[in-house]
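Below is upload_8.txt, which holds compact mmCIF, N, CA and C atoms.
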# COMPACT_ATOMS: atom_id res chain seq x y z
N MET A 4 163.23 123.27 77.39
CA MET A 4 163.30 123.73 76.02
C MET A 4 162.29 124.86 75.83
N GLN A 5 162.73 125.92 75.19
CA GLN A 5 161.84 127.03 74.87
C GLN A 5 162.03 127.43 73.42
N LEU A 6 160.98 127.96 72.86
CA LEU A 6 161.07 128.51 71.51
C LEU A 6 161.65 129.91 71.59
N PRO A 7 162.27 130.39 70.52
CA PRO A 7 162.71 131.79 70.51
C PRO A 7 161.50 132.70 70.78
N GLU A 8 161.72 133.78 71.52
CA GLU A 8 160.63 134.66 71.94
C GLU A 8 159.79 135.17 70.77
N THR A 9 160.43 135.51 69.68
CA THR A 9 159.72 136.02 68.51
C THR A 9 158.76 134.96 67.95
N VAL A 10 159.24 133.73 67.87
CA VAL A 10 158.41 132.63 67.37
C VAL A 10 157.25 132.37 68.32
N ALA A 11 157.54 132.35 69.61
CA ALA A 11 156.49 132.12 70.61
C ALA A 11 155.40 133.18 70.50
N LYS A 12 155.78 134.43 70.38
CA LYS A 12 154.81 135.51 70.26
C LYS A 12 153.96 135.36 69.00
N GLN A 13 154.59 134.93 67.89
CA GLN A 13 153.85 134.74 66.64
C GLN A 13 152.81 133.63 66.78
N ILE A 14 153.19 132.54 67.42
CA ILE A 14 152.26 131.41 67.61
C ILE A 14 151.09 131.84 68.49
N ILE A 15 151.38 132.52 69.60
CA ILE A 15 150.33 132.97 70.50
C ILE A 15 149.39 133.94 69.78
N ALA A 16 149.93 134.91 69.07
CA ALA A 16 149.10 135.89 68.36
C ALA A 16 148.26 135.21 67.28
N ASP A 17 148.84 134.25 66.56
CA ASP A 17 148.11 133.56 65.51
C ASP A 17 146.92 132.80 66.07
N HIS A 18 147.12 132.09 67.17
CA HIS A 18 146.02 131.32 67.76
C HIS A 18 145.00 132.21 68.45
N GLN A 19 145.40 133.39 68.89
CA GLN A 19 144.43 134.33 69.45
C GLN A 19 143.56 134.91 68.33
N ARG A 20 144.19 135.30 67.23
CA ARG A 20 143.45 135.92 66.12
C ARG A 20 142.61 134.91 65.34
N ARG A 21 143.14 133.71 65.16
CA ARG A 21 142.45 132.67 64.39
C ARG A 21 142.42 131.37 65.18
N PRO A 22 141.60 131.33 66.24
CA PRO A 22 141.55 130.12 67.06
C PRO A 22 141.06 128.92 66.25
N ARG A 23 141.63 127.77 66.56
CA ARG A 23 141.26 126.53 65.88
C ARG A 23 140.23 125.78 66.72
N HIS A 24 139.47 124.93 66.05
CA HIS A 24 138.54 124.00 66.71
C HIS A 24 137.63 124.72 67.70
N THR A 25 136.82 125.65 67.20
CA THR A 25 135.94 126.42 68.07
C THR A 25 134.48 126.00 67.89
N GLY A 26 133.70 126.24 68.91
CA GLY A 26 132.26 126.00 68.87
C GLY A 26 131.88 124.67 69.50
N PRO A 27 130.62 124.56 69.86
CA PRO A 27 130.14 123.34 70.52
C PRO A 27 130.21 122.11 69.63
N LEU A 28 130.37 120.96 70.27
CA LEU A 28 130.29 119.68 69.58
C LEU A 28 128.90 119.11 69.87
N GLY A 29 128.17 118.76 68.83
CA GLY A 29 126.83 118.22 69.02
C GLY A 29 126.83 116.96 69.87
N GLY A 30 125.89 116.90 70.80
CA GLY A 30 125.74 115.71 71.62
C GLY A 30 126.76 115.58 72.75
N VAL A 31 127.56 116.60 72.96
CA VAL A 31 128.60 116.55 73.99
C VAL A 31 128.39 117.73 74.95
N ASP A 32 128.37 117.44 76.24
CA ASP A 32 128.24 118.51 77.23
C ASP A 32 129.58 119.23 77.38
N GLY A 33 129.52 120.53 77.46
CA GLY A 33 130.72 121.33 77.66
C GLY A 33 130.97 121.60 79.13
N VAL A 34 132.22 121.90 79.44
CA VAL A 34 132.61 122.30 80.79
C VAL A 34 133.09 123.74 80.71
N THR A 35 132.45 124.62 81.50
CA THR A 35 132.79 126.04 81.49
C THR A 35 133.49 126.42 82.79
N LEU A 36 134.61 127.11 82.65
CA LEU A 36 135.36 127.61 83.80
C LEU A 36 135.68 129.08 83.59
N ASP A 37 135.82 129.79 84.69
CA ASP A 37 136.14 131.21 84.67
C ASP A 37 137.44 131.46 85.43
N ASN A 38 138.12 132.52 85.04
CA ASN A 38 139.26 133.04 85.78
C ASN A 38 138.90 134.49 86.10
N PRO A 39 138.22 134.72 87.23
CA PRO A 39 137.74 136.07 87.51
C PRO A 39 138.85 137.11 87.66
N GLY A 40 140.04 136.68 88.01
CA GLY A 40 141.15 137.62 88.17
C GLY A 40 141.53 138.30 86.87
N CYS A 41 141.31 137.61 85.76
CA CYS A 41 141.69 138.15 84.46
C CYS A 41 140.48 138.40 83.56
N GLY A 42 139.34 137.83 83.95
CA GLY A 42 138.14 137.97 83.13
C GLY A 42 138.02 136.90 82.05
N ASP A 43 138.85 135.87 82.13
CA ASP A 43 138.80 134.78 81.14
C ASP A 43 137.61 133.87 81.42
N ARG A 44 137.04 133.35 80.35
CA ARG A 44 135.98 132.34 80.43
C ARG A 44 136.18 131.41 79.26
N VAL A 45 136.11 130.11 79.53
CA VAL A 45 136.28 129.14 78.45
C VAL A 45 135.35 127.95 78.68
N THR A 46 134.80 127.45 77.59
CA THR A 46 134.02 126.22 77.60
C THR A 46 134.73 125.23 76.70
N VAL A 47 134.90 124.01 77.19
CA VAL A 47 135.58 122.96 76.43
C VAL A 47 134.62 121.79 76.23
N TRP A 48 134.59 121.29 75.00
CA TRP A 48 133.81 120.11 74.65
C TRP A 48 134.78 119.02 74.22
N ALA A 49 134.68 117.85 74.85
CA ALA A 49 135.56 116.72 74.49
C ALA A 49 134.69 115.53 74.13
N ASP A 50 134.83 115.06 72.92
CA ASP A 50 134.11 113.88 72.44
C ASP A 50 135.08 112.72 72.45
N VAL A 51 134.87 111.81 73.38
CA VAL A 51 135.74 110.64 73.50
C VAL A 51 135.02 109.45 72.89
N GLN A 52 135.66 108.83 71.93
CA GLN A 52 135.15 107.62 71.28
C GLN A 52 136.13 106.51 71.57
N GLY A 53 135.66 105.50 72.32
CA GLY A 53 136.59 104.46 72.75
C GLY A 53 137.55 105.09 73.73
N ALA A 54 138.79 105.00 73.46
CA ALA A 54 139.81 105.60 74.34
C ALA A 54 140.55 106.72 73.62
N ARG A 55 139.88 107.36 72.67
CA ARG A 55 140.51 108.40 71.85
C ARG A 55 139.71 109.69 71.91
N VAL A 56 140.41 110.83 71.91
CA VAL A 56 139.78 112.14 71.85
C VAL A 56 139.41 112.39 70.38
N ALA A 57 138.19 112.02 70.03
CA ALA A 57 137.76 112.11 68.64
C ALA A 57 137.50 113.55 68.22
N GLY A 58 137.05 114.36 69.16
CA GLY A 58 136.79 115.77 68.88
C GLY A 58 137.07 116.58 70.12
N LEU A 59 137.63 117.77 69.92
CA LEU A 59 137.95 118.65 71.04
C LEU A 59 137.82 120.08 70.54
N THR A 60 136.87 120.81 71.12
CA THR A 60 136.64 122.19 70.71
C THR A 60 136.49 123.07 71.95
N PHE A 61 136.49 124.38 71.71
CA PHE A 61 136.31 125.32 72.80
C PHE A 61 135.64 126.58 72.30
N SER A 62 135.12 127.34 73.21
CA SER A 62 134.73 128.72 72.94
C SER A 62 135.11 129.51 74.17
N GLY A 63 135.36 130.79 73.98
CA GLY A 63 135.74 131.57 75.14
C GLY A 63 136.01 133.01 74.82
N GLN A 64 136.32 133.71 75.87
CA GLN A 64 136.73 135.10 75.75
C GLN A 64 137.74 135.36 76.85
N GLY A 65 138.64 136.27 76.57
CA GLY A 65 139.64 136.58 77.57
C GLY A 65 140.94 137.01 76.93
N CYS A 66 141.99 136.91 77.71
CA CYS A 66 143.30 137.38 77.28
C CYS A 66 143.91 136.46 76.22
N ALA A 67 144.94 136.96 75.58
CA ALA A 67 145.61 136.22 74.51
C ALA A 67 146.14 134.88 75.02
N ILE A 68 146.63 134.84 76.24
CA ILE A 68 147.21 133.60 76.76
C ILE A 68 146.13 132.54 76.94
N SER A 69 145.00 132.89 77.54
CA SER A 69 143.95 131.89 77.77
C SER A 69 143.38 131.37 76.46
N GLN A 70 143.16 132.26 75.52
CA GLN A 70 142.53 131.85 74.26
C GLN A 70 143.50 131.09 73.36
N SER A 71 144.74 131.51 73.30
CA SER A 71 145.70 130.77 72.48
C SER A 71 146.02 129.43 73.11
N SER A 72 146.06 129.36 74.42
CA SER A 72 146.31 128.08 75.10
C SER A 72 145.20 127.09 74.78
N ALA A 73 143.95 127.56 74.81
CA ALA A 73 142.82 126.69 74.48
C ALA A 73 142.90 126.20 73.03
N SER A 74 143.20 127.10 72.12
CA SER A 74 143.31 126.74 70.71
C SER A 74 144.45 125.74 70.48
N LEU A 75 145.60 126.04 71.06
CA LEU A 75 146.75 125.13 70.92
C LEU A 75 146.44 123.76 71.52
N MET A 76 145.71 123.73 72.63
CA MET A 76 145.33 122.47 73.26
C MET A 76 144.49 121.63 72.31
N THR A 77 143.50 122.25 71.65
CA THR A 77 142.64 121.47 70.75
C THR A 77 143.42 120.89 69.58
N VAL A 78 144.37 121.65 69.08
CA VAL A 78 145.20 121.16 67.96
C VAL A 78 146.08 119.99 68.42
N ALA A 79 146.67 120.14 69.60
CA ALA A 79 147.61 119.13 70.09
C ALA A 79 146.93 117.82 70.47
N LEU A 80 145.69 117.89 70.95
CA LEU A 80 145.08 116.70 71.55
C LEU A 80 144.02 116.01 70.69
N THR A 81 143.47 116.68 69.70
CA THR A 81 142.46 116.05 68.86
C THR A 81 143.07 114.83 68.16
N GLY A 82 142.42 113.70 68.32
CA GLY A 82 142.88 112.45 67.71
C GLY A 82 143.81 111.63 68.59
N GLN A 83 144.25 112.21 69.70
CA GLN A 83 145.15 111.49 70.60
C GLN A 83 144.37 110.51 71.47
N SER A 84 145.06 109.53 72.02
CA SER A 84 144.43 108.66 73.00
C SER A 84 144.20 109.47 74.26
N VAL A 85 143.22 109.06 75.06
CA VAL A 85 142.94 109.76 76.32
C VAL A 85 144.17 109.68 77.21
N GLU A 86 144.84 108.55 77.22
CA GLU A 86 146.05 108.40 78.03
C GLU A 86 147.13 109.40 77.60
N ASP A 87 147.35 109.52 76.29
CA ASP A 87 148.34 110.48 75.80
C ASP A 87 147.92 111.92 76.08
N ALA A 88 146.60 112.19 76.02
CA ALA A 88 146.10 113.53 76.33
C ALA A 88 146.41 113.88 77.78
N HIS A 89 146.18 112.93 78.69
CA HIS A 89 146.49 113.18 80.10
C HIS A 89 148.00 113.40 80.30
N THR A 90 148.80 112.62 79.60
CA THR A 90 150.26 112.75 79.72
C THR A 90 150.71 114.12 79.23
N LEU A 91 150.24 114.53 78.06
CA LEU A 91 150.62 115.83 77.51
C LEU A 91 150.11 116.97 78.41
N ALA A 92 148.90 116.81 78.94
CA ALA A 92 148.36 117.83 79.85
C ALA A 92 149.25 117.97 81.08
N GLY A 93 149.73 116.86 81.60
CA GLY A 93 150.63 116.90 82.75
C GLY A 93 151.95 117.58 82.43
N GLN A 94 152.48 117.30 81.25
CA GLN A 94 153.73 117.94 80.82
C GLN A 94 153.54 119.44 80.64
N PHE A 95 152.41 119.81 80.04
CA PHE A 95 152.12 121.23 79.83
C PHE A 95 151.98 121.95 81.17
N ARG A 96 151.22 121.36 82.09
CA ARG A 96 151.03 121.97 83.40
C ARG A 96 152.38 122.15 84.12
N ALA A 97 153.21 121.12 84.09
CA ALA A 97 154.51 121.21 84.76
C ALA A 97 155.36 122.32 84.15
N MET A 98 155.30 122.47 82.83
CA MET A 98 156.06 123.53 82.16
C MET A 98 155.54 124.90 82.59
N VAL A 99 154.22 125.09 82.55
CA VAL A 99 153.63 126.39 82.88
C VAL A 99 153.88 126.74 84.35
N MET A 100 153.86 125.76 85.22
CA MET A 100 154.07 126.01 86.64
C MET A 100 155.56 126.17 86.98
N GLY A 101 156.43 125.95 86.01
CA GLY A 101 157.86 126.09 86.25
C GLY A 101 158.47 124.89 86.97
N GLU A 102 157.76 123.77 86.96
CA GLU A 102 158.22 122.56 87.63
C GLU A 102 159.11 121.70 86.75
N ALA A 103 159.03 121.91 85.44
CA ALA A 103 159.81 121.11 84.50
C ALA A 103 160.01 121.91 83.22
N GLU A 104 161.07 121.61 82.52
CA GLU A 104 161.31 122.21 81.21
C GLU A 104 160.31 121.64 80.20
N GLY A 105 159.97 122.42 79.22
CA GLY A 105 159.15 121.90 78.13
C GLY A 105 159.94 120.89 77.33
N THR A 106 159.23 119.94 76.75
CA THR A 106 159.87 118.90 75.94
C THR A 106 159.42 119.04 74.49
N PRO A 107 160.17 118.49 73.55
CA PRO A 107 159.78 118.59 72.14
C PRO A 107 158.38 118.03 71.86
N GLU A 108 157.91 117.09 72.68
CA GLU A 108 156.58 116.51 72.47
C GLU A 108 155.48 117.57 72.58
N LEU A 109 155.76 118.67 73.25
CA LEU A 109 154.76 119.73 73.40
C LEU A 109 154.55 120.54 72.12
N GLY A 110 155.49 120.45 71.19
CA GLY A 110 155.33 121.16 69.92
C GLY A 110 155.09 122.64 70.11
N ASP A 111 154.07 123.18 69.44
CA ASP A 111 153.78 124.61 69.51
C ASP A 111 153.35 125.07 70.90
N LEU A 112 152.95 124.14 71.76
CA LEU A 112 152.61 124.50 73.14
C LEU A 112 153.81 125.12 73.86
N LEU A 113 155.00 124.86 73.36
CA LEU A 113 156.21 125.46 73.94
C LEU A 113 156.16 126.99 73.86
N ALA A 114 155.32 127.52 73.00
CA ALA A 114 155.18 128.98 72.90
C ALA A 114 154.74 129.59 74.23
N LEU A 115 154.10 128.79 75.08
CA LEU A 115 153.60 129.29 76.36
C LEU A 115 154.55 129.01 77.51
N ALA A 116 155.76 128.56 77.23
CA ALA A 116 156.74 128.26 78.29
C ALA A 116 157.06 129.49 79.13
N GLY A 117 157.09 130.65 78.52
CA GLY A 117 157.43 131.87 79.24
C GLY A 117 156.42 132.26 80.30
N VAL A 118 155.23 131.68 80.25
CA VAL A 118 154.20 131.97 81.24
C VAL A 118 154.67 131.54 82.64
N SER A 119 155.58 130.59 82.70
CA SER A 119 156.05 130.11 84.00
C SER A 119 156.68 131.25 84.82
N ARG A 120 157.16 132.28 84.14
CA ARG A 120 157.76 133.42 84.84
C ARG A 120 156.72 134.47 85.23
N LEU A 121 155.49 134.31 84.76
CA LEU A 121 154.42 135.28 85.00
C LEU A 121 153.34 134.63 85.87
N HIS A 122 153.56 134.63 87.16
CA HIS A 122 152.69 133.89 88.08
C HIS A 122 151.21 134.19 87.88
N ALA A 123 150.85 135.44 87.66
CA ALA A 123 149.45 135.80 87.49
C ALA A 123 148.85 135.21 86.22
N ARG A 124 149.68 134.90 85.24
CA ARG A 124 149.19 134.39 83.95
C ARG A 124 149.12 132.87 83.90
N ARG A 125 149.65 132.19 84.90
CA ARG A 125 149.60 130.73 84.91
C ARG A 125 148.15 130.23 84.87
N LYS A 126 147.28 130.88 85.64
CA LYS A 126 145.86 130.49 85.65
C LYS A 126 145.24 130.67 84.27
N CYS A 127 145.65 131.71 83.57
CA CYS A 127 145.13 131.95 82.22
C CYS A 127 145.50 130.80 81.29
N ALA A 128 146.77 130.40 81.32
CA ALA A 128 147.26 129.35 80.43
C ALA A 128 146.65 127.99 80.76
N LEU A 129 146.30 127.76 82.02
CA LEU A 129 145.81 126.45 82.45
C LEU A 129 144.29 126.34 82.48
N LEU A 130 143.57 127.43 82.25
CA LEU A 130 142.12 127.42 82.36
C LEU A 130 141.46 126.36 81.47
N ALA A 131 141.77 126.37 80.19
CA ALA A 131 141.15 125.41 79.27
C ALA A 131 141.59 123.98 79.61
N TRP A 132 142.80 123.82 80.09
CA TRP A 132 143.30 122.49 80.44
C TRP A 132 142.57 121.94 81.67
N ARG A 133 142.24 122.82 82.61
CA ARG A 133 141.45 122.39 83.76
C ARG A 133 140.06 121.97 83.32
N ALA A 134 139.47 122.72 82.38
CA ALA A 134 138.16 122.36 81.84
C ALA A 134 138.24 121.02 81.10
N LEU A 135 139.32 120.81 80.37
CA LEU A 135 139.50 119.55 79.66
C LEU A 135 139.54 118.38 80.65
N GLU A 136 140.30 118.51 81.72
CA GLU A 136 140.39 117.43 82.71
C GLU A 136 139.00 117.09 83.24
N GLN A 137 138.20 118.12 83.53
CA GLN A 137 136.84 117.87 84.01
C GLN A 137 135.98 117.21 82.94
N ALA A 138 136.14 117.65 81.70
CA ALA A 138 135.37 117.07 80.60
C ALA A 138 135.73 115.60 80.40
N LEU A 139 137.01 115.29 80.47
CA LEU A 139 137.44 113.89 80.31
C LEU A 139 136.97 113.04 81.48
N ALA A 140 136.99 113.60 82.68
CA ALA A 140 136.55 112.86 83.86
C ALA A 140 135.06 112.54 83.81
N SER A 141 134.29 113.36 83.09
CA SER A 141 132.85 113.13 83.01
C SER A 141 132.45 112.13 81.93
N GLN A 142 133.42 111.69 81.14
CA GLN A 142 133.15 110.74 80.06
C GLN A 142 132.98 109.33 80.64
N PRO A 143 132.12 108.52 80.03
CA PRO A 143 132.02 107.13 80.49
C PRO A 143 133.35 106.41 80.29
N ALA A 144 133.65 105.54 81.19
CA ALA A 144 134.91 104.79 81.09
C ALA A 144 134.88 103.89 79.87
N ALA A 145 136.02 103.79 79.21
CA ALA A 145 136.14 102.91 78.05
C ALA A 145 136.13 101.47 78.55
N PRO A 146 135.60 100.54 77.75
CA PRO A 146 135.63 99.14 78.15
C PRO A 146 137.08 98.67 78.30
N PRO A 147 137.32 97.73 79.21
CA PRO A 147 138.69 97.24 79.38
C PRO A 147 139.20 96.58 78.10
N ARG A 148 140.50 96.74 77.88
CA ARG A 148 141.11 96.13 76.70
C ARG A 148 141.30 94.63 76.98
N PRO A 149 141.09 93.81 75.97
CA PRO A 149 141.32 92.37 76.17
C PRO A 149 142.79 92.09 76.39
N ALA A 150 143.08 91.11 77.21
CA ALA A 150 144.47 90.73 77.49
C ALA A 150 145.06 90.09 76.23
N ASP A 151 146.36 90.35 76.03
CA ASP A 151 147.02 89.77 74.86
C ASP A 151 147.38 88.33 75.10
Starting from the coordinates I provided, produce the structure as structure tokens.
Amino acid sequence: MQLPETVAKQIIADHQRRPRHTGPLGGVDGVTLDNPGCGDRVTVWADVQGARVAGLTFSGQGCAISQSSASLMTVALTGQSVEDAHTLAGQFRAMVMGEAEGTPELGDLLALAGVSRLHARRKCALLAWRALEQALASQPAAPPRPAD
């Protein structure tokens, strides 16, 4: 599934011009990654409370794809369970890599589906998501859920 090209471009431009959920989260270590091929740099902060992404922010500089992808990621994943965040991240990665079609669950992230045809831009779209995976991996494990 893909969005019409005009709509996709509008979403990408909007998130580049007015990124959502930016700046450091107090008390949370950020993960910074670079894409030297394009000059992108992004830092992601993930505040996990229990098994939920309570806060997710970023800061960065770079191309429209890297910055809009980071902004869209924070909107899509804030408030989600860590499990759902990992699932959505996997779906997004598969779409960007051209391994699977985008699904309606991706919402506005579908705006980046066309990146799958632009091999050099795949790294741009996935930069913040790679930082997110590292940020989530560095979080303390949630206590096990009691058996029902």
For this session: Show which residues sit within 7 Å of Arg44 of chain A, as a PyMOL selection string. Count only C-alpha atoms, and ignore same-chain residues fewer than 6 positions away.
Result: chain A and resi 36-38+63-65
| Using only C-alpha atoms, which residue out of A:Ala11, A:Thr46, A:Ala79, A:His89 lies closest to Ala140 of chain A? |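 Checking each of A:Ala11, A:Thr46, A:Ala79, A:His89 against Ala140 of chain A, counting only C-alpha atoms, the winner is A:His89.
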Checklist entry - When DSSP works through the backbone of this structure, what residues of chain A end up as helix (DSSP H, G or I), shown as a PyMOL selection string? => result chain A and resi 8-20+67-80+85-99+107-120+122-140
task: Could you tell me how far atom CA of Asp17 of chain A lies from atom CA of Leu130 of chain A, in Å and to one decimal?
output: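 For atom CA of Asp17 of chain A relative to atom CA of Leu130 of chain A, the distance reads 18.9 Å.
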Which of A:Ala73, A:Val118, A:Val85, A:Val56 sits closest to Val99 of chain A [using all atoms listed in the file]: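 For Val99 of chain A, the nearest of the given residues is A:Val118.
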* To do: Considering only C-alpha atoms, return as a PyMOL selection string whatever protein or nucleic-acid residues lie within 10 Å of Asp50 of chain A, sequence-local ones (same chain, fewer than 6 positions apart) excluded.
  => chain A and resi 28-33+56-60+81+138-139+142
Atom CA of Cys127 of chain A sits from atom CA of Leu80 of chain A at a separation of 18.6 Å
* Distance of atom CA of Asp87 of chain A from atom CA of Leu129 of chain A, expressed in Å to one decimal place ->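 Atom-to-atom, atom CA of Leu129 of chain A and atom CA of Asp87 of chain A are spaced 17.5 Å apart.
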Q.
For the strand (DSSP E or B) assignment from backbone DSSP, which residues of segment 23-142 of chain A qualify? Please present them as a PyMOL selection string.
A. chain A and resi 25+33-38+43-52+55-64+84
Can those selected residues be exported to a file as a short mmCIF file (atom, residue, chain, number, x, y, z; two decimals), in the coordinates of the input so that it contains N, CA and C atoms?
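Saved to result-v7.cif:
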data_model
loop_
_atom_site.label_atom_id
_atom_site.label_comp_id
_atom_site.auth_asym_id
_atom_site.auth_seq_id
_atom_site.Cartn_x
_atom_site.Cartn_y
_atom_site.Cartn_z
N THR A 25 136.82 125.65 67.20
CA THR A 25 135.94 126.42 68.07
C THR A 25 134.48 126.00 67.89
N GLY A 33 129.52 120.53 77.46
CA GLY A 33 130.72 121.33 77.66
C GLY A 33 130.97 121.60 79.13
N VAL A 34 132.22 121.90 79.44
CA VAL A 34 132.61 122.30 80.79
C VAL A 34 133.09 123.74 80.71
N THR A 35 132.45 124.62 81.50
CA THR A 35 132.79 126.04 81.49
C THR A 35 133.49 126.42 82.79
N LEU A 36 134.61 127.11 82.65
CA LEU A 36 135.36 127.61 83.80
C LEU A 36 135.68 129.08 83.59
N ASP A 37 135.82 129.79 84.69
CA ASP A 37 136.14 131.21 84.67
C ASP A 37 137.44 131.46 85.43
N ASN A 38 138.12 132.52 85.04
CA ASN A 38 139.26 133.04 85.78
C ASN A 38 138.90 134.49 86.10
N ASP A 43 138.85 135.87 82.13
CA ASP A 43 138.80 134.78 81.14
C ASP A 43 137.61 133.87 81.42
N ARG A 44 137.04 133.35 80.35
CA ARG A 44 135.98 132.34 80.43
C ARG A 44 136.18 131.41 79.26
N VAL A 45 136.11 130.11 79.53
CA VAL A 45 136.28 129.14 78.45
C VAL A 45 135.35 127.95 78.68
N THR A 46 134.80 127.45 77.59
CA THR A 46 134.02 126.22 77.60
C THR A 46 134.73 125.23 76.70
N VAL A 47 134.90 124.01 77.19
CA VAL A 47 135.58 122.96 76.43
C VAL A 47 134.62 121.79 76.23
N TRP A 48 134.59 121.29 75.00
CA TRP A 48 133.81 120.11 74.65
C TRP A 48 134.78 119.02 74.22
N ALA A 49 134.68 117.85 74.85
CA ALA A 49 135.56 116.72 74.49
C ALA A 49 134.69 115.53 74.13
N ASP A 50 134.83 115.06 72.92
CA ASP A 50 134.11 113.88 72.44
C ASP A 50 135.08 112.72 72.45
N VAL A 51 134.87 111.81 73.38
CA VAL A 51 135.74 110.64 73.50
C VAL A 51 135.02 109.45 72.89
N GLN A 52 135.66 108.83 71.93
CA GLN A 52 135.15 107.62 71.28
C GLN A 52 136.13 106.51 71.57
N ARG A 55 139.88 107.36 72.67
CA ARG A 55 140.51 108.40 71.85
C ARG A 55 139.71 109.69 71.91
N VAL A 56 140.41 110.83 71.91
CA VAL A 56 139.78 112.14 71.85
C VAL A 56 139.41 112.39 70.38
N ALA A 57 138.19 112.02 70.03
CA ALA A 57 137.76 112.11 68.64
C ALA A 57 137.50 113.55 68.22
N GLY A 58 137.05 114.36 69.16
CA GLY A 58 136.79 115.77 68.88
C GLY A 58 137.07 116.58 70.12
N LEU A 59 137.63 117.77 69.92
CA LEU A 59 137.95 118.65 71.04
C LEU A 59 137.82 120.08 70.54
N THR A 60 136.87 120.81 71.12
CA THR A 60 136.64 122.19 70.71
C THR A 60 136.49 123.07 71.95
N PHE A 61 136.49 124.38 71.71
CA PHE A 61 136.31 125.32 72.80
C PHE A 61 135.64 126.58 72.30
N SER A 62 135.12 127.34 73.21
CA SER A 62 134.73 128.72 72.94
C SER A 62 135.11 129.51 74.17
N GLY A 63 135.36 130.79 73.98
CA GLY A 63 135.74 131.57 75.14
C GLY A 63 136.01 133.01 74.82
N GLN A 64 136.32 133.71 75.87
CA GLN A 64 136.73 135.10 75.75
C GLN A 64 137.74 135.36 76.85
N SER A 84 145.06 109.53 72.02
CA SER A 84 144.43 108.66 73.00
C SER A 84 144.20 109.47 74.26
#
**Request:** Go ahead and find all residues with at least one atom no further than 10 Å from (155.6, 129.8, 81.6) in the file's coordinates, using only C-alpha atoms; report them as JSON, numbers by chain.
**Result:** {"A": [5, 95, 96, 97, 98, 99, 100, 101, 102, 104, 105, 113, 114, 115, 116, 117, 118, 119, 120, 121, 122, 124, 125, 128]}
For segment 8-16 of chain A, I'd like the enclosing box, axis-aligned and padded by 8 Å on every side, reported as AutoDock Vina command-line options with centre and edge lengths in Å to one decimal.
--center_x 155.0 --center_y 133.7 --center_z 69.3 --size_x 29.5 --size_y 20.6 --size_z 21.3
Top pick for closest residue to Val45 of chain A, considering A:Met76, A:Arg23, A:Pro143, A:Ala134 and counting all atoms listed in the file: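 Closest residue, counting all atoms listed in the file: A:Ala134.
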Using only C-alpha atoms, the best pick from A:Ser71, A:His18, A:Gly82, A:Gly93 as closest to Ala49 of chain A would be A:Gly82
